[in-house]
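File shown: query27.txt (compact mmCIF, C-alpha atoms).
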```txt
# COMPACT_ATOMS: atom_id res chain seq x y z
CA MET X 78 -18.20 67.20 118.79
CA GLU X 79 -19.08 70.35 120.72
CA THR X 80 -20.56 68.39 123.59
CA ASN X 81 -17.36 66.33 123.83
CA THR X 82 -14.91 69.25 123.83
CA GLU X 83 -16.78 71.60 126.17
CA PRO X 84 -16.12 69.63 129.40
CA SER X 85 -12.41 69.37 128.61
CA GLU X 86 -12.18 73.12 127.93
CA LYS X 87 -13.89 73.85 131.23
CA SER X 88 -11.52 71.47 132.99
CA LEU X 89 -8.49 73.17 131.44
CA ASN X 90 -9.80 76.60 132.41
CA LYS X 91 -10.36 75.47 135.99
CA ARG X 92 -6.86 74.05 136.15
CA GLY X 93 -5.46 77.33 134.87
CA VAL X 94 -7.36 79.28 137.53
CA LEU X 95 -6.24 76.85 140.24
CA PHE X 96 -2.60 77.05 139.13
CA THR X 97 -2.74 80.85 139.13
CA LEU X 98 -4.25 81.01 142.63
CA ILE X 99 -1.76 78.53 144.08
CA ALA X 100 1.13 80.42 142.45
CA VAL X 101 -0.18 83.72 143.82
CA ALA X 102 -0.48 82.25 147.32
CA PHE X 103 3.00 80.71 147.18
CA MET X 104 4.77 83.80 145.85
CA ASP X 105 2.90 86.09 148.24
CA TYR X 106 4.13 84.15 151.24
CA VAL X 107 7.63 83.78 149.82
CA SER X 108 7.65 87.59 149.64
CA ILE X 109 6.40 87.89 153.23
CA GLY X 110 9.01 85.45 154.52
CA LEU X 111 11.80 87.07 152.51
CA VAL X 112 11.92 90.26 154.55
CA TYR X 113 11.31 89.02 158.09
CA PRO X 114 14.94 87.98 158.77
CA LEU X 115 16.14 91.44 157.72
CA PHE X 116 14.30 93.68 160.15
CA THR X 117 16.34 92.67 163.19
CA SER X 118 19.59 93.40 161.37
CA LEU X 119 18.29 96.71 160.02
CA ILE X 120 17.08 97.98 163.40
CA PHE X 121 19.93 96.71 165.59
CA ASP X 122 22.78 97.33 163.15
CA PRO X 123 24.88 100.11 164.76
CA ASN X 124 25.99 101.26 161.30
CA ALA X 125 22.40 101.75 160.08
CA ASN X 126 20.68 105.10 160.52
CA PHE X 127 17.05 104.00 160.88
CA LEU X 128 17.24 105.17 164.48
CA PRO X 129 19.59 107.61 166.22
CA THR X 130 22.91 106.05 167.15
CA ASP X 131 22.17 106.62 170.84
CA ALA X 132 18.75 104.92 170.67
CA SER X 133 18.18 102.52 173.53
CA GLN X 134 17.76 98.79 173.08
CA ALA X 135 14.18 99.16 174.32
CA LEU X 136 13.38 101.67 171.57
CA ARG X 137 14.98 99.45 168.95
CA GLY X 138 12.99 96.48 170.21
CA LEU X 139 9.79 98.51 170.11
CA SER X 140 10.52 99.61 166.54
CA LEU X 141 11.18 96.00 165.55
CA GLY X 142 7.90 94.91 167.13
CA VAL X 143 6.03 97.58 165.17
CA LEU X 144 7.56 96.40 161.90
CA PHE X 145 6.70 92.78 162.65
CA SER X 146 3.14 93.36 163.89
CA LEU X 147 1.90 96.15 161.65
CA MET X 148 1.33 94.07 158.53
CA PRO X 149 -0.71 91.24 160.17
CA LEU X 150 -2.65 93.83 162.20
CA VAL X 151 -3.70 95.72 159.06
CA GLN X 152 -4.37 92.42 157.28
CA PHE X 153 -6.73 91.43 160.10
CA PHE X 154 -8.98 94.35 159.17
CA SER X 155 -8.41 94.39 155.40
CA ALA X 156 -9.16 90.71 154.71
CA PRO X 157 -12.89 90.74 155.59
CA LEU X 158 -13.34 94.14 153.95
CA LEU X 159 -11.70 93.01 150.72
CA GLY X 160 -13.73 89.82 150.77
CA ALA X 161 -16.93 91.83 151.00
CA VAL X 162 -15.82 94.21 148.25
CA SER X 163 -14.95 91.28 145.99
CA ASP X 164 -18.49 89.95 146.44
CA ALA X 165 -19.84 93.21 145.08
CA LYS X 166 -17.18 94.32 142.58
CA GLY X 167 -15.73 91.02 141.39
CA ARG X 168 -12.93 88.78 142.61
CA LYS X 169 -10.39 89.46 139.89
CA SER X 170 -10.57 93.25 139.99
CA VAL X 171 -10.05 93.29 143.77
CA LEU X 172 -7.22 90.76 143.55
CA THR X 173 -5.51 92.85 140.87
CA MET X 174 -5.85 95.97 143.01
CA THR X 175 -4.37 94.32 146.09
CA LEU X 176 -1.42 92.93 144.14
CA PHE X 177 -0.72 96.39 142.72
CA ILE X 178 -0.79 97.84 146.24
CA GLY X 179 1.62 95.10 147.33
CA LEU X 180 3.97 95.94 144.45
CA LEU X 181 3.98 99.59 145.48
CA GLY X 182 4.51 98.57 149.10
CA TYR X 183 7.69 96.64 148.32
CA CYS X 184 8.99 99.45 146.09
CA ILE X 185 8.50 101.86 149.00
CA ALA X 186 10.32 99.39 151.25
CA VAL X 187 13.27 99.42 148.83
CA LEU X 188 13.37 103.21 149.12
CA GLY X 189 13.13 102.94 152.90
CA VAL X 190 16.11 100.60 153.07
CA HIS X 191 18.13 102.63 150.56
CA PHE X 192 17.60 105.95 152.34
CA GLU X 193 17.45 104.33 155.81
CA ARG X 194 14.05 105.79 156.67
CA LEU X 195 12.04 103.92 159.28
CA SER X 196 8.93 105.92 158.36
CA LEU X 197 9.00 104.54 154.81
CA LEU X 198 9.35 100.98 156.12
CA ILE X 199 6.37 101.51 158.42
CA PHE X 200 4.30 102.93 155.58
CA SER X 201 5.25 99.99 153.37
CA ARG X 202 4.11 97.55 156.08
CA ILE X 203 0.71 99.25 156.15
CA MET X 204 0.38 98.91 152.38
CA LEU X 205 1.48 95.29 152.51
CA GLY X 206 -1.08 94.63 155.24
CA ILE X 207 -3.78 95.91 152.89
CA SER X 208 -2.37 93.78 150.09
CA GLY X 209 -2.19 90.74 152.39
CA GLY X 210 -5.97 90.78 152.62
CA SER X 211 -5.91 89.26 149.13
CA ALA X 212 -5.68 85.84 150.80
CA ALA X 213 -9.39 86.15 151.60
CA VAL X 214 -10.13 86.88 147.94
CA VAL X 215 -8.06 83.91 146.78
CA GLN X 216 -9.95 81.63 149.16
CA ALA X 217 -13.25 83.03 147.89
CA ILE X 218 -12.26 82.23 144.29
CA LEU X 219 -11.24 78.70 145.30
CA SER X 220 -14.64 78.28 146.89
CA ASP X 221 -16.31 79.61 143.73
CA ILE X 222 -14.59 77.28 141.28
CA GLY X 223 -14.54 74.13 143.38
CA SER X 224 -17.32 71.61 143.70
CA LYS X 225 -18.19 70.12 147.07
CA GLU X 226 -15.82 67.23 146.39
CA GLU X 227 -13.00 69.43 145.03
CA LYS X 228 -12.93 72.10 147.74
CA PRO X 229 -11.01 70.04 150.35
CA ARG X 230 -8.26 69.32 147.81
CA TYR X 231 -8.15 72.94 146.61
CA PHE X 232 -7.85 74.35 150.11
CA SER X 233 -5.23 71.74 151.00
CA LEU X 234 -3.14 72.88 148.04
CA PHE X 235 -3.68 76.50 149.09
CA ASN X 236 -2.47 75.86 152.65
CA MET X 237 0.44 73.81 151.34
CA ALA X 238 1.47 76.76 149.14
CA LEU X 239 1.34 79.12 152.13
CA GLY X 240 3.49 76.82 154.24
CA ALA X 241 5.99 76.25 151.44
CA GLY X 242 6.24 79.99 150.83
CA LEU X 243 6.92 80.76 154.48
CA THR X 244 9.56 77.99 154.52
CA VAL X 245 11.41 79.13 151.42
CA GLY X 246 11.07 82.88 152.05
CA PRO X 247 13.28 83.38 155.14
CA PHE X 248 16.04 81.15 153.74
CA LEU X 249 15.99 83.00 150.43
CA GLY X 250 15.91 86.37 152.19
CA GLY X 251 18.97 85.48 154.21
CA LYS X 252 20.84 84.40 151.10
CA LEU X 253 19.91 87.47 149.04
CA SER X 254 20.93 89.84 151.84
CA SER X 255 24.35 88.24 152.27
CA PRO X 256 27.23 90.21 150.66
CA GLU X 257 28.64 86.85 149.58
CA PHE X 258 25.65 86.20 147.29
CA PHE X 259 27.44 86.62 143.91
CA SER X 260 28.82 89.91 145.28
CA ILE X 261 25.43 91.58 144.76
CA GLY X 262 23.74 90.63 148.02
CA SER X 263 22.42 93.52 150.09
CA TYR X 264 19.56 94.46 152.39
CA GLU X 265 17.75 95.95 149.40
CA LEU X 266 17.90 92.85 147.20
CA PRO X 267 15.27 90.73 149.04
CA PHE X 268 12.81 93.64 148.79
CA TRP X 269 13.50 93.92 145.06
CA PHE X 270 12.95 90.18 144.71
CA ALA X 271 9.68 90.42 146.64
CA ALA X 272 8.51 93.23 144.35
CA TRP X 273 9.41 91.10 141.33
CA ALA X 274 7.47 88.15 142.76
CA ILE X 275 4.37 90.29 143.28
CA PHE X 276 4.75 91.68 139.75
CA CYS X 277 4.77 88.11 138.38
CA ASN X 278 1.61 87.39 140.37
CA LEU X 279 0.02 90.51 138.91
CA LEU X 280 0.83 89.36 135.37
CA LEU X 281 -0.67 85.94 136.09
CA VAL X 282 -3.90 87.45 137.35
CA LEU X 283 -4.11 89.87 134.43
CA CYS X 284 -3.75 86.95 132.03
CA LEU X 285 -6.48 85.12 133.92
CA LEU X 286 -8.75 88.14 133.64
CA LYS X 287 -8.23 88.34 129.89
CA SER X 288 -9.04 84.67 129.42
CA GLU X 289 -12.25 85.06 131.42
CA LYS X 290 -13.31 88.06 129.38
CA LYS X 291 -12.91 85.95 126.24
CA GLU X 292 -15.16 83.28 127.69
CA ASN X 293 -17.88 85.82 128.47
```

How does this structure look as structure tokens?
Amino acid sequence: METNTEPSEKSLNKRGVLFTLIAVAFMDYVSIGLVYPLFTSLIFDPNANFLPTDASQALRGLSLGVLFSLMPLVQFFSAPLLGAVSDAKGRKSVLTMTLFIGLLGYCIAVLGVHFERLSLLIFSRIMLGISGGSAAVVQAILSDIGSKEEKPRYFSLFNMALGAGLTVGPFLGGKLSSPEFFSIGSYELPFWFAAWAIFCNLLLVLCLLKSEKKEN
């Protein structure tokens, strides 16, 4: 009986890990896409105080470019570093850390929007760039759990989740920021939603960690 049930248990565990990783990838990129449509409105809105009212269009454009580019720039450097750290310290602990940093990053972004502080938004983009390096860790875990035959399917699902997240995110961000969205829409709401999404990812990974500890 033991020999018959062990393969099925391993298969279920692998499916749970795969589901968690795909969900993390999808929600991460939904969160990224959520906020991109907002930055133009925040920076160029004459009623917003992120920049002085007499700021030139060139300065506003430069500020917008910084907000857009800072996260992927930091991610470019954080991804290989986090991948190397996960090789030494463990995949799950590094993934948990990056998700926690991402959660803090979106909470800081909420404060930045609420108090109209460009410096807080910039700082949040740096933190989210560090957190965005988790994609390298997720790919490393997919490589760890997948056999040679399974890896193409796993990475296809991963890329599909990224694309779906970036498709859904901007649309959802636009809806959540609209004042007509159940009369609660605001510029802050998409950032709150993104923080909630990262928090859900964090809970998923923590549950995955607990299940692995039981196996060991």

How close does each residue of range 156-246 of chain X get to range 89-111 of chain X, giving the shortest atom pair and distance in Å to one decimal for every residue with an atom at most 8 Å away, counting only C-alpha atoms, sorted by chain and residue number, as JSON lines?
```
{"residue": "X:Ala212", "atom": "CA", "partner": "X:Ala102", "partner_atom": "CA", "distance": 7.2}
{"residue": "X:Val215", "atom": "CA", "partner": "X:Leu98", "partner_atom": "CA", "distance": 6.3}
{"residue": "X:Leu219", "atom": "CA", "partner": "X:Leu95", "partner_atom": "CA", "distance": 7.4}
{"residue": "X:Ile222", "atom": "CA", "partner": "X:Lys91", "partner_atom": "CA", "distance": 7.0}
{"residue": "X:Tyr231", "atom": "CA", "partner": "X:Leu95", "partner_atom": "CA", "distance": 7.7}
{"residue": "X:Leu234", "atom": "CA", "partner": "X:Ile99", "partner_atom": "CA", "distance": 7.0}
{"residue": "X:Phe235", "atom": "CA", "partner": "X:Ile99", "partner_atom": "CA", "distance": 5.7}
{"residue": "X:Ala238", "atom": "CA", "partner": "X:Phe103", "partner_atom": "CA", "distance": 4.7}
{"residue": "X:Leu239", "atom": "CA", "partner": "X:Phe103", "partner_atom": "CA", "distance": 5.5}
{"residue": "X:Gly240", "atom": "CA", "partner": "X:Tyr106", "partner_atom": "CA", "distance": 7.9}
{"residue": "X:Ala241", "atom": "CA", "partner": "X:Phe103", "partner_atom": "CA", "distance": 6.9}
{"residue": "X:Gly242", "atom": "CA", "partner": "X:Val107", "partner_atom": "CA", "distance": 4.2}
{"residue": "X:Leu243", "atom": "CA", "partner": "X:Gly110", "partner_atom": "CA", "distance": 5.1}
{"residue": "X:Thr244", "atom": "CA", "partner": "X:Gly110", "partner_atom": "CA", "distance": 7.5}
{"residue": "X:Val245", "atom": "CA", "partner": "X:Val107", "partner_atom": "CA", "distance": 6.2}
{"residue": "X:Gly246", "atom": "CA", "partner": "X:Gly110", "partner_atom": "CA", "distance": 4.1}
```

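Here the question is which of X:Phe127, X:Ala213, X:Glu193, X:Tyr113 gets nearest to Ala271 in chain X using all atoms listed in the file, and that residue is X:Tyr113.
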
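With all atoms listed in the file as the atoms that count, the minimum distance from Phe153 in chain X to the choices X:Leu266, X:Leu139, X:Gly223, X:Leu205 is reached by X:Leu205.
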
Q. Using all atoms listed in the file, which residues sit within 8 Å of Val282 in chain X once same-chain residues fewer than 5 positions away are excluded, as a PyMOL selection string?
A. chain X and resi 97+169+172-173

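The gap separating CA of Thr175 in chain X from CA of Ser211 in chain X is 6.1 Å, in Å to one decimal.
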
Q: Determine the nearest neighbour of Leu141 in chain X from the options X:Ile199, X:Ala165, X:Val171, X:Ile207, counting all atoms listed in the file.
A: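 Residue with the minimum atom-to-atom distance to Leu141 in chain X: X:Ile199.
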
(Q) One number please: CA of Phe121 in chain X to CA of Val143 in chain X, in Å, one decimal. (A)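 Between CA of Phe121 in chain X and CA of Val143 in chain X the gap is 13.9 Å.
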
Given only C-alpha atoms, how would the per-residue table for range 111-132 of chain X near range 181-188 of chain X read, listing every residue at most 12 Å away with its closest atom pair and distance in Å to one decimal, sorted by chain and number, as a Markdown table?
```
| residue | atom | partner | partner_atom | distance |
| --- | --- | --- | --- | --- |
| X:Leu111 | CA | X:Tyr183 | CA | 11.2 |
| X:Val112 | CA | X:Ala186 | CA | 9.8 |
| X:Leu115 | CA | X:Ala186 | CA | 11.8 |
| X:Phe116 | CA | X:Ala186 | CA | 11.3 |
```

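Considering all atoms listed in the file, the residue among X:Asp131, X:Leu280, X:Arg202, X:Ser255 positioned nearest to Gly189 in chain X is X:Arg202.
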
(Q) For Ile178 in chain X, find every residue with an atom within 7 Å (counting all atoms listed in the file), except residues of its own chain fewer than 4 positions away, and show them as a count of residues only. (A) 4

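The space between CA of Ala274 in chain X and CA of Ser155 in chain X spans 21.2 Å.
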
Tell me which protein, DNA and RNA residues are within 12 Å of Asp221 in chain X, counting all atoms listed in the file, leaving out same-chain ones fewer than 3 positions away, and put them as a short mmCIF file (atom, residue, chain, number, x, y, z; two decimals) with C-alpha atoms, keeping the file's coordinate frame.
```
data_model
loop_
_atom_site.label_atom_id
_atom_site.label_comp_id
_atom_site.auth_asym_id
_atom_site.auth_seq_id
_atom_site.Cartn_x
_atom_site.Cartn_y
_atom_site.Cartn_z
CA LYS X 91 -10.36 75.47 135.99
CA VAL X 94 -7.36 79.28 137.53
CA LEU X 95 -6.24 76.85 140.24
CA SER X 163 -14.95 91.28 145.99
CA ASP X 164 -18.49 89.95 146.44
CA GLY X 167 -15.73 91.02 141.39
CA ARG X 168 -12.93 88.78 142.61
CA VAL X 214 -10.13 86.88 147.94
CA VAL X 215 -8.06 83.91 146.78
CA GLN X 216 -9.95 81.63 149.16
CA ALA X 217 -13.25 83.03 147.89
CA ILE X 218 -12.26 82.23 144.29
CA SER X 224 -17.32 71.61 143.70
CA LYS X 225 -18.19 70.12 147.07
CA GLU X 227 -13.00 69.43 145.03
CA LYS X 228 -12.93 72.10 147.74
CA TYR X 231 -8.15 72.94 146.61
CA PHE X 232 -7.85 74.35 150.11
#
```

(Q) Using all atoms listed in the file, can you tell me which of X:Ser254, X:Ser140, X:Ser133, X:Ser201 comes closest to Ile120 in chain X? (A)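 Nearest to Ile120 in chain X: X:Ser140.
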
Q. Which residue, X:Ala156, X:Leu195, X:Leu176, X:Ala161, has the smallest gap to Cys277 in chain X when you use all atoms listed in the file?
A. X:Leu176

Copy range 222-241 of chain X out of the block into a file, keeping N, CA and C atoms, as a compact mmCIF listing (two decimals), in the first residue's frame.
```
# COMPACT_ATOMS: atom_id res chain seq x y z
N ILE X 222 11.65 21.48 -9.61
CA ILE X 222 10.60 20.48 -9.43
C ILE X 222 10.24 19.75 -10.72
N GLY X 223 10.62 20.33 -11.85
CA GLY X 223 10.21 19.74 -13.13
C GLY X 223 11.23 18.78 -13.69
N SER X 224 10.74 17.70 -14.24
CA SER X 224 11.62 16.78 -14.98
C SER X 224 11.93 17.38 -16.34
N LYS X 225 12.79 16.71 -17.08
CA LYS X 225 13.17 17.22 -18.40
C LYS X 225 11.95 17.35 -19.30
N GLU X 226 11.00 16.42 -19.17
CA GLU X 226 9.81 16.46 -20.01
C GLU X 226 8.81 17.50 -19.51
N GLU X 227 8.80 17.77 -18.20
CA GLU X 227 7.81 18.68 -17.63
C GLU X 227 8.20 20.16 -17.73
N LYS X 228 9.49 20.44 -17.78
CA LYS X 228 9.96 21.83 -17.74
C LYS X 228 9.37 22.70 -18.84
N PRO X 229 9.28 22.24 -20.10
CA PRO X 229 8.68 23.11 -21.13
C PRO X 229 7.25 23.50 -20.79
N ARG X 230 6.47 22.57 -20.26
CA ARG X 230 5.09 22.88 -19.91
C ARG X 230 5.04 23.83 -18.72
N TYR X 231 5.89 23.62 -17.73
CA TYR X 231 5.90 24.48 -16.55
C TYR X 231 6.26 25.92 -16.92
N PHE X 232 7.28 26.07 -17.75
CA PHE X 232 7.71 27.42 -18.12
C PHE X 232 6.71 28.08 -19.07
N SER X 233 5.99 27.28 -19.83
CA SER X 233 4.92 27.84 -20.67
C SER X 233 3.80 28.39 -19.80
N LEU X 234 3.43 27.65 -18.76
CA LEU X 234 2.41 28.12 -17.83
C LEU X 234 2.88 29.38 -17.11
N PHE X 235 4.16 29.41 -16.75
CA PHE X 235 4.72 30.58 -16.07
C PHE X 235 4.63 31.82 -16.95
N ASN X 236 5.06 31.70 -18.21
CA ASN X 236 5.01 32.83 -19.14
C ASN X 236 3.57 33.24 -19.45
N MET X 237 2.68 32.25 -19.50
CA MET X 237 1.27 32.56 -19.73
C MET X 237 0.71 33.37 -18.56
N ALA X 238 1.11 33.01 -17.33
CA ALA X 238 0.66 33.74 -16.15
C ALA X 238 1.16 35.18 -16.16
N LEU X 239 2.42 35.37 -16.58
CA LEU X 239 2.96 36.73 -16.67
C LEU X 239 2.17 37.57 -17.68
N GLY X 240 1.94 36.99 -18.84
CA GLY X 240 1.20 37.73 -19.88
C GLY X 240 -0.22 38.04 -19.45
N ALA X 241 -0.88 37.07 -18.81
CA ALA X 241 -2.25 37.30 -18.35
C ALA X 241 -2.28 38.38 -17.28
```
